[in-house]
Amino acid sequence: QVQLVESGGGLVQAGGSLRLSCAASGNIFRINTMGWYRRAPGKQRELVATITRDGFKNYADSVKGRFTISRDNMKDTVYLQMNSLNPEDTAVYYCNVDYRSQNYWGRGTQVTVSS
């Protein structure tokens, strides 16, 4: 079983930055892909970014050049640095981990960008 705890959400003005963190815990060994998804009000959950254990990164087109995903394998933690935020980035952000062919989700952290 994998537990995920997210932190770093909040309220920021347009053009600002936030950094999200997600720490995994439990009886785990060598997590595969870690990532972030988000669900905006009235919309379906969508991919934001993922990163493999070897460091291969994938981004949604809407965040390329503004968001950066990274991870610390020693700490089983994934980060999302979000720059140049705009109101369209307002959503609940969820951490996701692929471990032994199972998906695990965090409870989510709210990010609100004011115009």
# chains A, B, ... in the order shown; residues from 1 in each chain; ligands from 1
$ residues_around --residues "Asn73 (chain A)" --least-positions-apart "2" --cutoff "10 Å" --atoms "only C-alpha atoms" --output "list in words"
Phe29, Arg30, Ile31, Asn32, Arg53, Asp54, Gly55, Ser70, Arg71, Lys75, Asp76, Thr77 and Val78 of chain A
$ residues_around --residues "region 34-43 of chain A" --least-positions-apart "3" --cutoff "7 Å" --atoms "only C-alpha atoms" --output "ChimeraX atom specification"
/A:46-52,78,90-98
$ write_last_selection --atoms "C-alpha atoms" --output "short mmCIF file (atom, residue, chain, number, x, y, z; two decimals), in the first residue's frame"
data_model
loop_
_atom_site.label_atom_id
_atom_site.label_comp_id
_atom_site.auth_asym_id
_atom_site.auth_seq_id
_atom_site.Cartn_x
_atom_site.Cartn_y
_atom_site.Cartn_z
CA GLU A 46 -6.41 15.86 -16.89
CA LEU A 47 -2.74 15.08 -17.06
CA VAL A 48 -0.36 17.85 -16.06
CA ALA A 49 3.02 16.14 -16.05
CA THR A 50 4.67 12.80 -15.38
CA ILE A 51 8.22 11.67 -14.73
CA THR A 52 9.68 8.19 -14.86
CA VAL A 78 7.77 14.31 -6.67
CA THR A 90 -7.03 26.95 -11.07
CA ALA A 91 -7.82 23.37 -10.09
CA VAL A 92 -7.35 20.65 -7.54
CA TYR A 93 -3.99 19.06 -8.21
CA TYR A 94 -3.58 15.35 -7.56
CA CYS A 95 -0.41 13.37 -7.15
CA ASN A 96 -0.31 10.00 -8.89
CA VAL A 97 2.07 7.10 -8.52
CA ASP A 98 2.40 3.98 -10.62
#
$ atom_distance --atom1 "CA of Cys22 (chain A)" --atom2 "CA of Gly8 (chain A)"
8.9 Å
$ closest_residue --among "A:Ile28, A:Leu80, A:Val5, A:Leu11" --to "Tyr59 (chain A)" --atoms "only C-alpha atoms"
A:Leu80
$ closest_residue --among "A:Gln3, A:Asn86, A:Gly108, A:Gln44" --to "Gly15 (chain A)" --atoms "only C-alpha atoms"
A:Asn86
$ select_by_dssp --residues "chain A" --states "strand (DSSP E)" --output "count of residues only"
65
$ atom_distance --atom1 "CA of Phe67 (chain A)" --atom2 "CA of Arg19 (chain A)"
9.4 Å
